[in-house]
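See structure below.
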Amino acid sequence: MTPEPAGIVVVGASLAGLRGAEALRRGGYDGPLTLVGAEPHRPYDRPPLSKHVLAGALEADATRLPELTSLRARWRLGSAAVALDRAARTVRLADGSVLAYDKLLVATGAQARPWPAETGGDLAGIHTLRGRDDARTLRTALVAGPRHVLIVGAGLIGCEAASCLRDLGLPVTLADPHPAPLANSFGTFVGGVIAGCLRDAGAVFRPGTQVKAFEGDAAGRVVRARLADGSALEADLVIAALGAVRATGWLRRADLMADPGGLTCDAACRARAADGTACPDIYAAGDVARWPIPLYEGRLVCVEHWGNAVEQASHAARNMLAGPGDQRPYTHLPAFWSSQFGINIKLVGLTAGADSVAVVQGSRASRRFLAVYGQAGRSIAALSFDQARWLPAYAGAILAGAAFPPILDATDQPRIERADPGFSPSRASASAPRPVEVFHA
Amino acid sequence: MKSVGRAGALRVVVDLNRCQGYAQCCYVAPDDFALRGHEILFYDPAPAAARRGTIERAVQACPVRAISLQAAPDDGEAP
């Protein structure tokens with residue numbers, strides 16, 4: 001098969017791919033530009049899917065992203081990249097076509113972690129929520145009026161979905177192995193606030209609960225979850241909110257540092273070959289990229305946040321157009337938002353490894369507060385529950401590596417109290433060498 | 001607020017990391033932007049094309065420039 005003409009190929013047509021392509025054009029790139037997307041849709045925004053789309057306030061197809069620059073691109077949508085040949089500089093697509101590239105931007109993102117088929121994952125009525133089509137399917141199933149909804153996993157998606165479903169008046173149980181919701185993101189000290197929200201909203205939160213398998217009826221529809229303690233939970237609709245796996249399967253034979261945890265990059269967003277050398281013609285950005293974050297001692301992280309997709313893609317594009325002697329390191333302060341139970345939640349920084357937390361404004365009881373996380377006497381992250389306007393000041397403290405707590409007293413409290421953030425032991429030892437950390441939005 | 005969602009609609013996205021809840025968009029374009037609770041911004045990502053002038057005023061009114069609106073028609077051989 002004759003390869004098509006070369007140029008820059010962007011694999012992944014979601015937020016990072018789109019903003020990366022725009023940055024290439026804004027940066028003066030005038031050559032051939034191709035965007036490859038596994039889904040048949042032009043780039044769309046995902047955060048509303050688990051909020052307003054589930055709630056029925058927005059149609060699933062309403063969130064197409066604005067395209068902010070004239071891209072003059074060729075769109076190859078609906079046919080995923082399935083293989084990369086670095087020597088030949090080609091990408092093969094699922095439809096068999098082959099695209100040649102001079103430079104490649106990998107922005108394939110991540111996929112919802114599915115429930116394993118051998119423990120019931122194939123049963124009808126088990127949903128994941130990642131893409132527009134997932135949201136549409138789930139919304140249709142919710143409108144049909146399920147009798148018992150079980151959400152497995154009390155991370156951000158699980159909690160946002162629980163909040164929406166309670167707004168819809170549906171019976172919801174949220175099961176998670178941790179003692180509190182959002183325990184991985186925020187620790188149990190703050191997660192307990194969300195446990196209170198769930199309770200007040202009429203959802204059943206089941207902490208310390210391990211779902212082992214799903215069981216179905218004769219028609220192959222899920223009817224219950226079997227728990228680790230042998231008991232069962234009735235469920236005719238399940239949302240498996242188990243986090244994501246990075247979409248690197250198509251790189252399996254490309255001899256890159258790629259696995260389900262991500263594609264490892266150097267400081268300049270260049271993909272690393274299996275021998276550790278940086279590929280001068282392959283860059284990565286967004287959820288799929290595993291990169292050394294300067295703000296946190298250069299440890300390798302995947303930051304699955306909207307803001308990182310935008311910023312890292314722009315940075316990678318800038319480096320793609322710059323010479324080998326002008327490769328700038330990517331510096332970024334992670335940040336994300338969530339809305340659930342009527343609360344606007346925003347975080348800046350990474351909480352992993354925090355040994356302390358302090359409420360510097362407001363209170364957990366009022367569900368309006370600003371909390372700062374500390375590690376070894378340094379402020380590493382700040383979290384706002386409905387106090388977003390104060391957050392930039394604390395972002396500055398985190399960027400500056402300010403002492404923890406960053407303030408010693410406040411107008412509403414004489415002395416800032418420190419507390420144990422309540423991360424699980426494996427999480428608390430984040431400073432120990434580990435292959436990768438992933439932060440979900 | 002009920003979005004059009006399909007062909008002909010405008011395309012809007014708000015950087016909610018950047019948004020500080022100043023709510024200027026809600027004053028300028030109350031049919032397209034609204035605050036829920038204390039500071040959750042809910043907006044229509046696909047307003048009808050006739051609303052372009054109003055949305056453009058909301059983009060200008062945002063003190064932190066968090067709102068993006070697609071200015072030109074799509075290009076490329078798009079589906």
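In the structure tokens, each chain is lettered A, B, ... as it comes, each chain's residues begin at 1, and ligands are numbered from 1 in order of appearance.
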With 6 Å as the cut-off and only C-alpha atoms counted, what is the closest atom pair between each nearby residue of chain A and chain B? Distances in Å to one decimal, ordered by chain and number, as a Markdown table.
| residue | atom | partner | partner_atom | distance |
| --- | --- | --- | --- | --- |
| A:Asp61 | CA | B:Gly5 | CA | 5.7 |
| A:Ala62 | CA | B:Gly5 | CA | 3.8 |
| A:Thr63 | CA | B:Pro45 | CA | 5.6 |
| A:Pro66 | CA | B:Gln70 | CA | 4.6 |
| A:Glu67 | CA | B:Gln70 | CA | 5.6 |
| A:Leu68 | CA | B:Gln70 | CA | 5.5 |
| A:Arg72 | CA | B:Gly76 | CA | 5.4 |
| A:Ala73 | CA | B:Gly76 | CA | 5.3 |
| A:Arg74 | CA | B:Gly76 | CA | 5.9 |
| A:Gly342 | CA | B:Gly37 | CA | 5.3 |
| A:Asn344 | CA | B:Ile40 | CA | 5.3 |
| A:Arg389 | CA | B:Gln20 | CA | 5.4 |
Picked from segment 284-354 of chain A by DSSP as alpha helix (DSSP H), as an MDAnalysis selection string
chainID A and resid 306:321
Selection file, N, CA and C atoms, as a PDB file, in the first residue's frame:
ATOM      1  N   TRP A 306      -8.555  18.361  32.111  1.00  0.00           N
ATOM      2  CA  TRP A 306      -8.882  19.227  30.986  1.00  0.00           C
ATOM      3  C   TRP A 306      -7.773  20.251  30.758  1.00  0.00           C
ATOM      4  N   GLY A 307      -7.352  20.907  31.813  1.00  0.00           N
ATOM      5  CA  GLY A 307      -6.356  21.979  31.680  1.00  0.00           C
ATOM      6  C   GLY A 307      -5.010  21.468  31.197  1.00  0.00           C
ATOM      7  N   ASN A 308      -4.650  20.263  31.618  1.00  0.00           N
ATOM      8  CA  ASN A 308      -3.391  19.692  31.151  1.00  0.00           C
ATOM      9  C   ASN A 308      -3.468  19.342  29.674  1.00  0.00           C
ATOM     10  N   ALA A 309      -4.610  18.841  29.228  1.00  0.00           N
ATOM     11  CA  ALA A 309      -4.762  18.506  27.803  1.00  0.00           C
ATOM     12  C   ALA A 309      -4.518  19.743  26.953  1.00  0.00           C
ATOM     13  N   VAL A 310      -5.082  20.867  27.368  1.00  0.00           N
ATOM     14  CA  VAL A 310      -4.948  22.109  26.610  1.00  0.00           C
ATOM     15  C   VAL A 310      -3.496  22.595  26.633  1.00  0.00           C
ATOM     16  N   GLU A 311      -2.947  22.646  27.830  1.00  0.00           N
ATOM     17  CA  GLU A 311      -1.642  23.282  27.985  1.00  0.00           C
ATOM     18  C   GLU A 311      -0.511  22.405  27.451  1.00  0.00           C
ATOM     19  N   GLN A 312      -0.589  21.112  27.738  1.00  0.00           N
ATOM     20  CA  GLN A 312       0.488  20.229  27.287  1.00  0.00           C
ATOM     21  C   GLN A 312       0.481  20.084  25.768  1.00  0.00           C
ATOM     22  N   ALA A 313      -0.705  20.040  25.181  1.00  0.00           N
ATOM     23  CA  ALA A 313      -0.787  19.931  23.721  1.00  0.00           C
ATOM     24  C   ALA A 313      -0.193  21.176  23.064  1.00  0.00           C
ATOM     25  N   SER A 314      -0.479  22.341  23.622  1.00  0.00           N
ATOM     26  CA  SER A 314       0.085  23.567  23.069  1.00  0.00           C
ATOM     27  C   SER A 314       1.601  23.580  23.218  1.00  0.00           C
ATOM     28  N   HIS A 315       2.055  23.087  24.369  1.00  0.00           N
ATOM     29  CA  HIS A 315       3.493  23.071  24.605  1.00  0.00           C
ATOM     30  C   HIS A 315       4.201  22.081  23.671  1.00  0.00           C
ATOM     31  N   ALA A 316       3.603  20.903  23.531  1.00  0.00           N
ATOM     32  CA  ALA A 316       4.189  19.903  22.631  1.00  0.00           C
ATOM     33  C   ALA A 316       4.253  20.446  21.203  1.00  0.00           C
ATOM     34  N   ALA A 317       3.178  21.125  20.786  1.00  0.00           N
ATOM     35  CA  ALA A 317       3.140  21.695  19.430  1.00  0.00           C
ATOM     36  C   ALA A 317       4.255  22.713  19.253  1.00  0.00           C
ATOM     37  N   ARG A 318       4.438  23.525  20.268  1.00  0.00           N
ATOM     38  CA  ARG A 318       5.508  24.527  20.213  1.00  0.00           C
ATOM     39  C   ARG A 318       6.865  23.842  20.023  1.00  0.00           C
ATOM     40  N   ASN A 319       7.107  22.787  20.783  1.00  0.00           N
ATOM     41  CA  ASN A 319       8.393  22.087  20.672  1.00  0.00           C
ATOM     42  C   ASN A 319       8.525  21.348  19.342  1.00  0.00           C
ATOM     43  N   MET A 320       7.395  20.870  18.798  1.00  0.00           N
ATOM     44  CA  MET A 320       7.433  20.169  17.508  1.00  0.00           C
ATOM     45  C   MET A 320       7.932  21.092  16.405  1.00  0.00           C
ATOM     46  N   LEU A 321       7.632  22.389  16.552  1.00  0.00           N
ATOM     47  CA  LEU A 321       8.019  23.344  15.518  1.00  0.00           C
ATOM     48  C   LEU A 321       9.381  23.971  15.801  1.00  0.00           C
TER      49      LEU A 321
END
Give the strand (DSSP E or B) residues of segment 61-259 of chain A, as assigned by DSSP on the backbone, as number ranges by chain.
A: 64, 74-77, 81-85, 90-93, 98-100, 103-106, 110-112, 124, 126-127, 149-152, 172-175, 204-206, 211-216, 221-227, 232-234, 237-240, 244-246, 256, 258-259
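From atom CA of Thr69 of chain A back to atom CA of Pro63 of chain B, the distance works out to 22.4 Å.
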List as a ChimeraX atom specification the protein and nucleic acid residues near segment 250-254 of chain A, meaning an atom at most 7 Å away when only C-alpha atoms are counted, but skip any in the same chain fewer than 6 places from it.
/A:81-86
What separates atom CA of Leu168 of chain A and atom CA of Ser338 of chain A is a distance of 18.6 Å
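Each of B:Leu35, B:Val14, B:Ala23, B:Ala29 was checked against Ile343 of chain A using only C-alpha atoms; the smallest atom-to-atom distance is that of B:Leu35.
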Env of Gly262 of chain A: 9 Å cut, atoms = only C-alpha atoms, seq-sep filter 2 positions within chain, self excluded. Answer as a PyMOL selection string.
chain A and resi 109-110+245-248+257-260+264+287-290+301-302+436
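With only C-alpha atoms as the atoms that count, the residue of A:Asp229, A:Glu39, A:Glu160, A:Asp275 with the shortest distance to Ala80 of chain A is A:Glu39.
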